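One structure is given here, and the rest of the page talks about it.
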Amino acid sequence: MEQQNSEYESGSLSLLGTIAMGTGVMIGAGIFALTGQVAELAGALFPLAFLVAAIISGFSAYSYVKMSNAYPSAGGIAMYLKKAYGRTTMTGACALLMAFSMIINESLVARTFGTYTLQLFNVGENSFWVPVLAVGLVVFAFLVNISGNKIIGSLSQVTAFLKIGGIVVFAAIALWAAGFSFEPSLNSGASSGLPGSGFLAGVAIAILAYKGFTTITNSGGEVKDPNKNVGRAIIASLLICTVVYLLVAFAVAANLPLDRIIEAKDFALAEAARPAMGQYGVWFTVAIAIIATASGIIASIFAVSRMLAMLTEMEIIPHRHFGLPGGVQTHTLVYTVVLAATLAAFFDLSRIASLGAIFYLIMDIAIHWGVFQNLREDVGANGAILLTAAALDIVVLGAFLILKGTSDPTILAIAALGLAFTFLGERFFLKRT
């Protein structure tokens with residue numbers, strides 16, 4: 001398979017198709033994978049955590065919109081970092097952190113697919129079938145990605161409409177069944193230790209539900225009129241997902257008490273459908289979850305493989321063929337799939353989400369600072385907005401690290417090792433080359 005067979009043709013993506021890809025990645029992970037995770041951390045007011053995360057993501061999107069308007073590129077974030085920092089360790093390491101967070105997100109979505117699918121059968125949620133189904137979905141996504149650009153583009157648009165429509169129907173029926181009431185117990189928050197740290201940690205996880213907008217930047221070389229449409233697609237995708245997330249969060253909160261949401265955190269939407277719609281509701285929710293997770297991982301694997309290919313062409317990361325046929329992007333596609341399948345097989349949802357949040361927030365801070373320090377005049381960005389975006393990320397990341405330091409220090413150790421390996425490895429590579 002030659003490299004061009006797995007890429008979109010130049011200018012082939014319409015604005016609508018670009019929005020569909022962005023929302024496809026976001027909704028695949030955001031609602032089905034993270035609702036229960038956010039509720040466990042943020043407590044009964046977890047719908048508010050999704051709203052705060054949307055506001056923070058809106059500030060973050062400002063940097064990406066300004067950069068995409070000035071420098072539309074298939075390299076997306078990799079190109080933005082190079083513009084801001086040059087061919088340096090910071091560029092390579094932060095670009096890899098973004099790639100890793102996307103791969104982590106793929107494994108998160110894959111395990112969510114397995115967890116929801118098992119709700120159709122009388123099988124425990126901790127069954128070995130969860131990683132088996134997760135790895136199977138990753139392999140399926142790989143096969144779709146090597147089948148050609150037209151299939152990927154058409155599939156993204158169709159599935160985006162199906163899952164958004166299905167999720168809105170779920171939320172409407174669930175809210176109607178609950179009498180459109182939402183009465184949280186203000187004393188039932190999940191925070192411990194530093195006041196507010198639990199809520200902010202929930203916001204950190206909820207931000208993962210929105211970070212899919214960054215994959216749109218990787219499509220700059222394929223979007224029609226990219227100087228305008230990439231930014232428009234980012235804004236539209238964020239707005240659509242904010243509305244959908246809030247509808248679903250309130251629907252879940254209205255139908256299940258907090259302790260039950262936390263107990264069923266890996267399949268919270270399916271459990272919330274049970275009191276509202278019975279077993280048919282569970283089947284309907286699982287069907288939408290399967291569509292959402294499958295389409296989300298297909299779009300994400302495409303985006304991260306493009307990013308890694310761009311880093312290779314920029315000579316920022318090493319590349320080995322390992323005897324594989326095809327071009328560079330085919331190879332990066334294989335590497336992406338292998339890493340995502342490995343994580344999906346051995347990590348649970350909570351730890352996958354935590355690792356992804358840490359890597360993403362660090363990269364996001366680097367983007368804002370790089371634009372502020374070196375590019376704000378070139379791209380016409382407001383320095384106060386850039387600093388606000390970075391400050392919000394720092395506050396949320398700090399609270400998340402404090403909470404995880406007491407509840408799961410192991411994941412912090414894994415994150416620290418990952419960061420050290422990434423920065424030191426990148427520095428060593430650039431010195432040698």
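Following the order of the structure tokens, chains are lettered A, B, ..., residues in each are numbered from 1, and ligands are numbered from 1.
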Applying 7 Å and only C-alpha atoms, which residues near range 256-268 of chain A remain after dropping the ones on its own chain fewer than 2 positions away? List them as a PyMOL selection string. chain A and resi 32-33+35-37+39-40+44+112+115-116+252-254+270-272
Considering only C-alpha atoms, give me a table of residues in range 61-170 of chain A that are at most 6 Å from range 333-350 of chain A, with the closest atom pair and distance in Å for each, as CSV.
residue,atom,partner,partner_atom,distance
A:Ile103,CA,A:Ala340,CA,5.4
A:Ser107,CA,A:Ala344,CA,4.5
A:Leu108,CA,A:Leu349,CA,5.9
A:Arg111,CA,A:Ala344,CA,5.9
A:Pro131,CA,A:Ala345,CA,4.7
A:Val135,CA,A:Ala341,CA,5.1
Name the residues in contact with Leu96 in chain A at a cut-off of 9 Å, using only C-alpha atoms, excluding same-chain residues fewer than 4 positions from it; report them as an NGL selection string. :A and (78 or 91-92 or 100-101 or 308 or 311 or 317 or 363 or 422)
Serialized selection, C-alpha atoms, as a PDB file, in the first residue's frame:
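Generated output (out.pdb):
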ATOM      1  CA  ALA A  78       3.768  19.304  15.030  1.00  0.00           C
ATOM      2  CA  THR A  91       9.121  20.720  19.752  1.00  0.00           C
ATOM      3  CA  GLY A  92       9.830  17.015  19.411  1.00  0.00           C
ATOM      4  CA  PHE A 100       0.925   9.686  22.952  1.00  0.00           C
ATOM      5  CA  SER A 101      -2.185  11.324  24.409  1.00  0.00           C
ATOM      6  CA  LEU A 308       3.883  10.987  13.307  1.00  0.00           C
ATOM      7  CA  LEU A 311       7.418  14.480  12.546  1.00  0.00           C
ATOM      8  CA  ILE A 317      11.732  11.772  15.525  1.00  0.00           C
ATOM      9  CA  MET A 363       1.502  19.803  25.612  1.00  0.00           C
ATOM     10  CA  THR A 422      10.288  11.406  25.926  1.00  0.00           C
TER      11      THR A 422
END
Give me, as a tab-separated table (two decimals) with N, CA and C atoms, in the first residue's frame, all polymer residues having an atom no more than 7 Å from Pro47 in chain A, counting only C-alpha atoms and skipping those fewer than 2 positions away in the same chain.
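File produced: selection07.tsv:
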chain	number	residue	atom	x	y	z
A	45	LEU	N	-22.07	17.33	41.09
A	45	LEU	CA	-22.16	18.42	40.13
A	45	LEU	C	-21.30	18.17	38.90
A	49	ALA	N	-18.74	20.17	35.59
A	49	ALA	CA	-17.34	19.92	35.21
A	49	ALA	C	-17.20	19.91	33.69
A	50	PHE	N	-18.19	19.34	32.99
A	50	PHE	CA	-18.16	19.35	31.53
A	50	PHE	C	-18.28	20.76	30.98
A	51	LEU	N	-19.09	21.60	31.64
A	51	LEU	CA	-19.23	22.98	31.19
A	51	LEU	C	-17.93	23.77	31.41
A	246	LEU	N	-23.53	18.26	27.69
A	246	LEU	CA	-24.37	18.74	28.78
A	246	LEU	C	-25.73	18.03	28.81
A	249	ALA	N	-24.97	14.55	30.25
A	249	ALA	CA	-24.58	14.59	31.65
A	249	ALA	C	-25.79	14.82	32.54
A	250	PHE	N	-26.66	15.75	32.15
A	250	PHE	CA	-27.87	15.99	32.94
A	250	PHE	C	-28.82	14.80	32.88
Tell me, counting only C-alpha atoms, for each residue of range 43-130 of chain A within 10 Å of range 366-376 of chain A, which pair of atoms is nearest and how far apart they are in Å to one decimal, in rows ordered by chain and increasing number, as CSV.
residue,atom,partner,partner_atom,distance
A:Phe59,CA,A:His368,CA,9.8
A:Ser60,CA,A:His368,CA,7.5
A:Ala61,CA,A:His368,CA,9.8
A:Tyr62,CA,A:His368,CA,9.1
A:Ser63,CA,A:His368,CA,6.3
A:Tyr64,CA,A:Ile367,CA,8.4
A:Lys66,CA,A:Arg376,CA,8.8
A:Met67,CA,A:Val371,CA,8.3
A:Ile77,CA,A:Ile367,CA,8.3
A:Tyr80,CA,A:Ile367,CA,7.7
A:Leu81,CA,A:Ile367,CA,6.6
A:Lys82,CA,A:Gly370,CA,9.5
A:Lys83,CA,A:Leu375,CA,7.9
A:Ala84,CA,A:Gly370,CA,5.0
A:Tyr85,CA,A:Gly370,CA,6.6
A:Met90,CA,A:Ala366,CA,8.2
A:Thr91,CA,A:Ala366,CA,8.9
A:Cys94,CA,A:Ala366,CA,7.2
A:Ala95,CA,A:Ile367,CA,9.7
Could you save the residues just selected, with C-alpha atoms, as a tab-separated table (two decimals), in the first residue's frame?
chain	number	residue	atom	x	y	z
A	59	PHE	CA	-9.61	29.34	25.58
A	60	SER	CA	-7.23	26.62	24.39
A	61	ALA	CA	-8.84	26.55	20.96
A	62	TYR	CA	-7.92	30.22	20.51
A	63	SER	CA	-4.23	29.35	20.01
A	64	TYR	CA	-5.03	26.57	17.54
A	66	LYS	CA	-4.93	31.53	15.24
A	67	MET	CA	-2.18	29.11	14.22
A	77	ILE	CA	0.34	20.57	16.09
A	80	TYR	CA	2.78	24.71	15.21
A	81	LEU	CA	5.37	23.59	17.74
A	82	LYS	CA	8.15	23.85	15.18
A	83	LYS	CA	7.03	27.37	14.27
A	84	ALA	CA	7.06	28.31	17.97
A	85	TYR	CA	10.24	26.55	19.16
A	90	MET	CA	10.68	21.08	23.20
A	91	THR	CA	9.12	20.72	19.75
A	94	CYS	CA	5.69	18.03	23.12
A	95	ALA	CA	4.63	16.76	19.70
Could you tell me how far CA of Ser68 in chain A sits from CA of Gly231 in chain A, in Å to one decimal place? 6.4 Å
Just the number, please: distance in Å from CA of Ile290 in chain A to CA of Phe142 in chain A, one decimal. 16.4 Å
Pick from A:Lys224, A:Arg87, A:Arg432, A:Lys211: nearest to Gly17 in chain A, with only C-alpha atoms counted? A:Lys224
Within 10 Å of Lys228 in chain A, counting only C-alpha atoms, which residues show up once you throw out same-chain ones fewer than 6 positions away? Write them as number ranges by chain, please. A: 15, 65, 68-70, 72
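Here CA of Ile234 in chain A stands at a distance of 13.8 Å from CA of Ala209 in chain A.
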Per-residue DSSP, range 154-369 of chain A, filtered to alpha helix (DSSP H), as a ChimeraX atom specification: /A:154-177,197-208,226-255,258-263,268-313,328-346,349-369
Which residues of range 252-284 of chain A sit at most 12 Å from range 164-167 of chain A, using only C-alpha atoms? Give each one's shortest atom pair and distance in Å (one decimal place), in chain and ascending residue order, as CSV.
residue,atom,partner,partner_atom,distance
A:Val252,CA,A:Ile167,CA,11.7
A:Leu269,CA,A:Ile167,CA,9.7
A:Ala270,CA,A:Ile167,CA,11.3
A:Ala273,CA,A:Ile167,CA,11.1
A:Gly281,CA,A:Gly166,CA,11.2
A:Trp283,CA,A:Gly166,CA,11.9
A:Phe284,CA,A:Gly166,CA,8.3
Name the residues in contact with range 388-397 of chain A at a cut-off of 12 Å, using only C-alpha atoms, excluding same-chain residues fewer than 5 positions from it; report them as an MDAnalysis selection string. chainID A and resid 49 52:64 196:207 354:372 382:383 402:405 412
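Checking A:Tyr245, A:Phe140, A:Phe423, A:Phe121 one by one against Ile298 in chain A, counting only C-alpha atoms, you find the shortest gap at A:Phe140.
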Using only C-alpha atoms, can you tell me which of A:Met314, A:Ala177, A:Ala160, A:Val244 comes closest to Gly296 in chain A? A:Ala160
